[in-house]
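Colleague: What follows is a single structure, and I will ask about it in a moment.
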Amino acid sequence: MPSAATLRTRLPFWLTIAVCVLALAASAVLLVDYLRHAPVFCDGGGGCGSVRKSALAYPVAGIPLPVFGMGGLLAVALASLVPGRRARIVQAALATGGAIIALGLIGWQLANRTICPYCVTVDAAMVVIAGLSVLRALRRWDPPLGRVETALAVGTMVLGVAAPIALGFALKPKPVPDGIPDVIAHELAKTPRGRVLVVDFVDFECPFCRMTHKELAPLLAANASKVHVVRKNVPLRMHPHALDAAKAACCAEELGKGDAMADALVAAPVEELTPKGCEGIAAAQGIDLDRFRACVTAPETEARVKMDQETFRAARGHGLPTIWIGTQKLEGAQDAASLKEALDAAIREL
């Protein structure tokens, strides 16, 4: 039976290896989704997709961020296998540096209100590993490992990387049928598994859009766990308040109240879709007005609306409302029965 002293050094070592393997597996999952043309593991339309689209995704020479994470984790794990003062210092230094970067990445996600669960797993693990590594350096722990235990540690790390990569490249993203516009195909590829994509091109002053939204909203609410809704704003020049409403909808979505604001904009009288009226509607949804005003006047918001309009043209849109439910395009005013039929058919195909 191992002595108490041996257990005191082995337990922190194996805990370090276990956390490293968890982080390596999460990094490998991220790497697969960076390398595939469409995400396999991550929610492409959520936090994972937001991080992949950011400047952080390829920080140096076009190399994906997960590669750097995996390299750092492997360096720390291998240093933990080596006895001696120098190895302990190297491990502590590498892990501490990694933890500082990890905390910065977590902070960036919180500041941008987007959370990638796999990224957070890697970053939180690195912070834990840093604590264990510093503790090893302070306590001068050198686990008395034999060849079998060393081989087991290395083999576990290799498996933690290889298994997710092998699985990720074995799985196939959901295929996109021929004839679907590229912009819709892109949204389909980003849609989480087990959900139906609903792309709603809308002008909040358009009477037919407002009518259709009132029929669609209850269906989406009843199937909330089975749908992934993407709202695109297409304010028409003939509607004087449409652009103000579109900006308000974009900012409400940015501030986490997109669906509630869309429902409120549709329910409000058209004459209230002015900048002041939209502020009142936003306040009624519990939106912070200082942040809302700053967002509405930001040039990025108007650029977002213009991008939505370009997407509408690229999707071969001709009139409003236009709604894609899965791979089916519905153009013009729709009644509840037509919308339900299309949604039910898409859900059956999941």
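In the structure tokens, chains take letters A, B, ... by order of appearance, with residues numbered from 1 within each chain and ligands from 1 in the order shown.
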Env of A:Ala137: 12 Å cut, atoms = only C-alpha atoms, seq-sep filter 6 positions within chain, self excluded. Answer as a VMD selection string.
Modeller: chain A and resid 9 12 to 13 79 to 80 83 to 93 95 to 96 130 to 131
Colleague: Give me the residues within 9 Å of A:Ala242 as a ChimeraX atom specification, counting only C-alpha atoms and dropping any in the same chain fewer than 4 places off.
Modeller: /A:203-206,234-238,246-247,273-274
Colleague: Quick one: of A:Ser27, A:Thr327, A:Ser133, A:Thr322, who's nearest to A:Leu350, counting only C-alpha atoms?
Modeller: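 Among the listed residues, A:Thr327 lies closest to A:Leu350.
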Colleague: Go through A:Ala222, A:Leu105, A:Met307, A:Leu65 one by one, measure the shortest atom-to-atom distance of each to A:Asp33 using only C-alpha atoms, and give the residue with the smallest value.
Modeller: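 Counting only C-alpha atoms, the residue closest to A:Asp33 is A:Leu65.
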Colleague: Write out as a short mmCIF file (atom, residue, chain, number, x, y, z; two decimals) with N, CA, C and O atoms, in the first residue's frame all residues of stretch 62-228 of chain A that DSSP puts in strand (DSSP E or B) for this structure's backbone.
Modeller:
```
data_model
loop_
_atom_site.label_atom_id
_atom_site.label_comp_id
_atom_site.auth_asym_id
_atom_site.auth_seq_id
_atom_site.Cartn_x
_atom_site.Cartn_y
_atom_site.Cartn_z
N ILE A 63 -3.82 30.81 -37.51
CA ILE A 63 -3.88 29.55 -36.76
C ILE A 63 -5.07 29.59 -35.81
O ILE A 63 -5.22 30.55 -35.05
N VAL A 196 -35.22 23.27 -35.80
CA VAL A 196 -35.62 23.74 -37.12
C VAL A 196 -35.24 25.21 -37.25
O VAL A 196 -35.54 26.02 -36.37
N LEU A 197 -34.62 25.56 -38.36
CA LEU A 197 -34.27 26.95 -38.62
C LEU A 197 -35.51 27.71 -39.10
O LEU A 197 -36.22 27.25 -39.99
N VAL A 198 -35.74 28.87 -38.49
CA VAL A 198 -36.78 29.79 -38.95
C VAL A 198 -36.11 31.14 -39.19
O VAL A 198 -35.62 31.77 -38.25
N VAL A 199 -36.04 31.55 -40.46
CA VAL A 199 -35.48 32.85 -40.82
C VAL A 199 -36.65 33.77 -41.17
O VAL A 199 -37.40 33.49 -42.11
N ASP A 200 -36.80 34.83 -40.40
CA ASP A 200 -37.93 35.74 -40.57
C ASP A 200 -37.43 37.09 -41.08
O ASP A 200 -36.79 37.84 -40.36
N PHE A 201 -37.70 37.37 -42.36
CA PHE A 201 -37.38 38.67 -42.95
C PHE A 201 -38.59 39.57 -42.70
O PHE A 201 -39.69 39.27 -43.18
N VAL A 202 -38.37 40.69 -41.98
CA VAL A 202 -39.51 41.44 -41.48
C VAL A 202 -39.30 42.95 -41.59
O VAL A 202 -38.17 43.44 -41.46
N VAL A 227 -36.99 24.97 -32.24
CA VAL A 227 -36.75 25.94 -33.32
C VAL A 227 -35.55 26.82 -32.99
O VAL A 227 -35.21 27.03 -31.83
N HIS A 228 -34.90 27.29 -34.03
CA HIS A 228 -33.81 28.26 -33.92
C HIS A 228 -34.20 29.43 -34.82
O HIS A 228 -34.22 29.30 -36.04
#
```
Colleague: Among the residues of stretch 73-197 of chain A, find those DSSP assigns to alpha helix (DSSP H) from the backbone and print them as a VMD selection string.
Modeller: chain A and resid 73 to 81 85 to 111 117 to 139 147 to 170 182 to 190
Colleague: Write out, as a short mmCIF file (atom, residue, chain, number, x, y, z; two decimals), in the first residue's frame, the residues just selected, with C-alpha atoms.
Modeller:
```cif
data_model
loop_
_atom_site.label_atom_id
_atom_site.label_comp_id
_atom_site.auth_asym_id
_atom_site.auth_seq_id
_atom_site.Cartn_x
_atom_site.Cartn_y
_atom_site.Cartn_z
CA LEU A 73 -2.14 22.31 -22.04
CA LEU A 74 0.16 19.62 -23.43
CA ALA A 75 3.24 21.59 -22.33
CA VAL A 76 1.91 21.88 -18.78
CA ALA A 77 0.88 18.22 -18.65
CA LEU A 78 4.26 17.02 -19.91
CA ALA A 79 6.07 19.26 -17.42
CA SER A 80 4.06 17.62 -14.65
CA LEU A 81 5.61 14.27 -15.62
CA ARG A 85 12.88 22.00 -9.35
CA ARG A 86 13.24 23.28 -12.93
CA ALA A 87 10.28 21.24 -14.16
CA ARG A 88 8.13 22.48 -11.27
CA ILE A 89 8.97 26.12 -12.04
CA VAL A 90 8.37 25.67 -15.76
CA GLN A 91 5.00 24.01 -15.10
CA ALA A 92 3.92 26.76 -12.71
CA ALA A 93 5.04 29.52 -15.09
CA LEU A 94 3.32 28.00 -18.14
CA ALA A 95 0.10 27.31 -16.24
CA THR A 96 0.00 30.77 -14.67
CA GLY A 97 0.49 32.43 -18.02
CA GLY A 98 -2.23 30.26 -19.48
CA ALA A 99 -4.57 31.11 -16.61
CA ILE A 100 -4.07 34.85 -17.15
CA ILE A 101 -4.98 34.45 -20.82
CA ALA A 102 -7.91 32.21 -19.89
CA LEU A 103 -9.33 34.78 -17.48
CA GLY A 104 -8.99 37.41 -20.19
CA LEU A 105 -10.93 35.21 -22.63
CA ILE A 106 -13.68 34.60 -20.07
CA GLY A 107 -13.86 38.33 -19.45
CA TRP A 108 -14.13 39.01 -23.17
CA GLN A 109 -17.04 36.60 -23.49
CA LEU A 110 -18.84 38.14 -20.53
CA ALA A 111 -18.26 41.66 -21.86
CA PRO A 117 -19.40 26.40 -23.23
CA TYR A 118 -16.40 24.54 -24.63
CA CYS A 119 -14.25 27.68 -24.44
CA VAL A 120 -15.30 28.28 -20.83
CA THR A 121 -14.49 24.65 -20.00
CA VAL A 122 -10.96 25.06 -21.35
CA ASP A 123 -10.43 28.42 -19.67
CA ALA A 124 -11.80 27.36 -16.27
CA ALA A 125 -9.71 24.18 -16.41
CA MET A 126 -6.57 26.21 -17.07
CA VAL A 127 -7.23 28.30 -13.96
CA VAL A 128 -7.57 25.12 -11.87
CA ILE A 129 -4.41 23.68 -13.42
CA ALA A 130 -2.53 26.88 -12.59
CA GLY A 131 -3.53 26.57 -8.95
CA LEU A 132 -2.37 22.95 -8.80
CA SER A 133 0.89 23.78 -10.60
CA VAL A 134 1.75 26.65 -8.27
CA LEU A 135 0.94 24.42 -5.31
CA ARG A 136 3.28 21.77 -6.70
CA ALA A 137 6.09 24.31 -6.98
CA LEU A 138 5.54 25.60 -3.43
CA ARG A 139 5.23 22.13 -1.87
CA ARG A 147 6.78 3.51 -16.37
CA VAL A 148 3.24 2.13 -16.24
CA GLU A 149 1.80 5.25 -14.61
CA THR A 150 3.71 7.55 -16.95
CA ALA A 151 2.47 5.60 -19.97
CA LEU A 152 -1.08 5.71 -18.58
CA ALA A 153 -0.90 9.51 -18.15
CA VAL A 154 0.45 10.05 -21.66
CA GLY A 155 -2.01 7.60 -23.19
CA THR A 156 -4.94 9.31 -21.46
CA MET A 157 -3.88 12.68 -22.85
CA VAL A 158 -3.52 11.29 -26.37
CA LEU A 159 -6.95 9.69 -26.12
CA GLY A 160 -8.45 12.95 -24.83
CA VAL A 161 -7.29 14.67 -28.02
CA ALA A 162 -7.72 11.86 -30.55
CA ALA A 163 -11.22 10.66 -29.60
CA PRO A 164 -13.07 13.97 -30.13
CA ILE A 165 -11.17 14.63 -33.37
CA ALA A 166 -11.93 11.16 -34.73
CA LEU A 167 -15.60 11.44 -33.74
CA GLY A 168 -15.88 14.98 -35.11
CA PHE A 169 -14.61 14.02 -38.54
CA ALA A 170 -16.76 10.86 -38.57
CA ASP A 182 -26.14 30.31 -50.01
CA VAL A 183 -27.12 32.69 -47.19
CA ILE A 184 -29.91 30.34 -46.09
CA ALA A 185 -27.62 27.33 -46.46
CA HIS A 186 -25.13 29.12 -44.20
CA GLU A 187 -27.82 29.62 -41.54
CA LEU A 188 -28.91 25.99 -41.88
CA ALA A 189 -25.33 24.85 -41.31
CA LYS A 190 -25.14 26.93 -38.13
#
```
Colleague: Distance atom CA of A:Gly256-atom CA of A:Cys116, one decimal place?
Modeller: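 Straight-line distance from atom CA of A:Gly256 to atom CA of A:Cys116 works out to 16.1 Å.
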Colleague: Any idea what's packed within 8 Å of stretch 317-319 of chain A, counting only C-alpha atoms, ignoring anything in its chain fewer than 3 positions away? Could you give it as a list in words?
Modeller: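 Close residues of stretch 317-319 of chain A: Phe312, Arg313, Ala314, Thr322, Glu331 and Gly332 of chain A.
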Colleague: Any chance you could export the current selection's N, CA and C atoms as a PDB file, in the first residue's frame?
Modeller:
```
ATOM      1  N   PHE A 312     -31.329  39.595 -47.470  1.00  0.00           N
ATOM      2  CA  PHE A 312     -32.652  39.397 -48.083  1.00  0.00           C
ATOM      3  C   PHE A 312     -32.534  39.309 -49.607  1.00  0.00           C
ATOM      4  N   ARG A 313     -31.742  40.201 -50.184  1.00  0.00           N
ATOM      5  CA  ARG A 313     -31.549  40.163 -51.639  1.00  0.00           C
ATOM      6  C   ARG A 313     -30.810  38.899 -52.060  1.00  0.00           C
ATOM      7  N   ALA A 314     -29.788  38.520 -51.267  1.00  0.00           N
ATOM      8  CA  ALA A 314     -29.024  37.311 -51.598  1.00  0.00           C
ATOM      9  C   ALA A 314     -29.879  36.054 -51.461  1.00  0.00           C
ATOM     10  N   THR A 322     -41.203  37.433 -45.831  1.00  0.00           N
ATOM     11  CA  THR A 322     -40.618  36.209 -46.369  1.00  0.00           C
ATOM     12  C   THR A 322     -40.065  35.425 -45.191  1.00  0.00           C
ATOM     13  N   GLU A 331     -43.594  33.071 -48.828  1.00  0.00           N
ATOM     14  CA  GLU A 331     -43.517  34.480 -49.203  1.00  0.00           C
ATOM     15  C   GLU A 331     -44.915  35.078 -49.226  1.00  0.00           C
ATOM     16  N   GLY A 332     -45.038  36.265 -48.630  1.00  0.00           N
ATOM     17  CA  GLY A 332     -46.331  36.910 -48.541  1.00  0.00           C
ATOM     18  C   GLY A 332     -47.031  36.566 -47.236  1.00  0.00           C
TER      19      GLY A 332
END
```
Colleague: Would you mind telling me which residue in A:Leu243, A:Ala248, A:Ile17, A:Ala262 lies nearest to A:Cys295 when using only C-alpha atoms?
Modeller: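 Closest candidate: A:Ala248.
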Colleague: Measure the distance from atom CA of A:Val67 to atom CA of A:Leu30 in Å and round it to one decimal.
Modeller: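 Calculated distance between atom CA of A:Val67 and atom CA of A:Leu30 is 9.2 Å.
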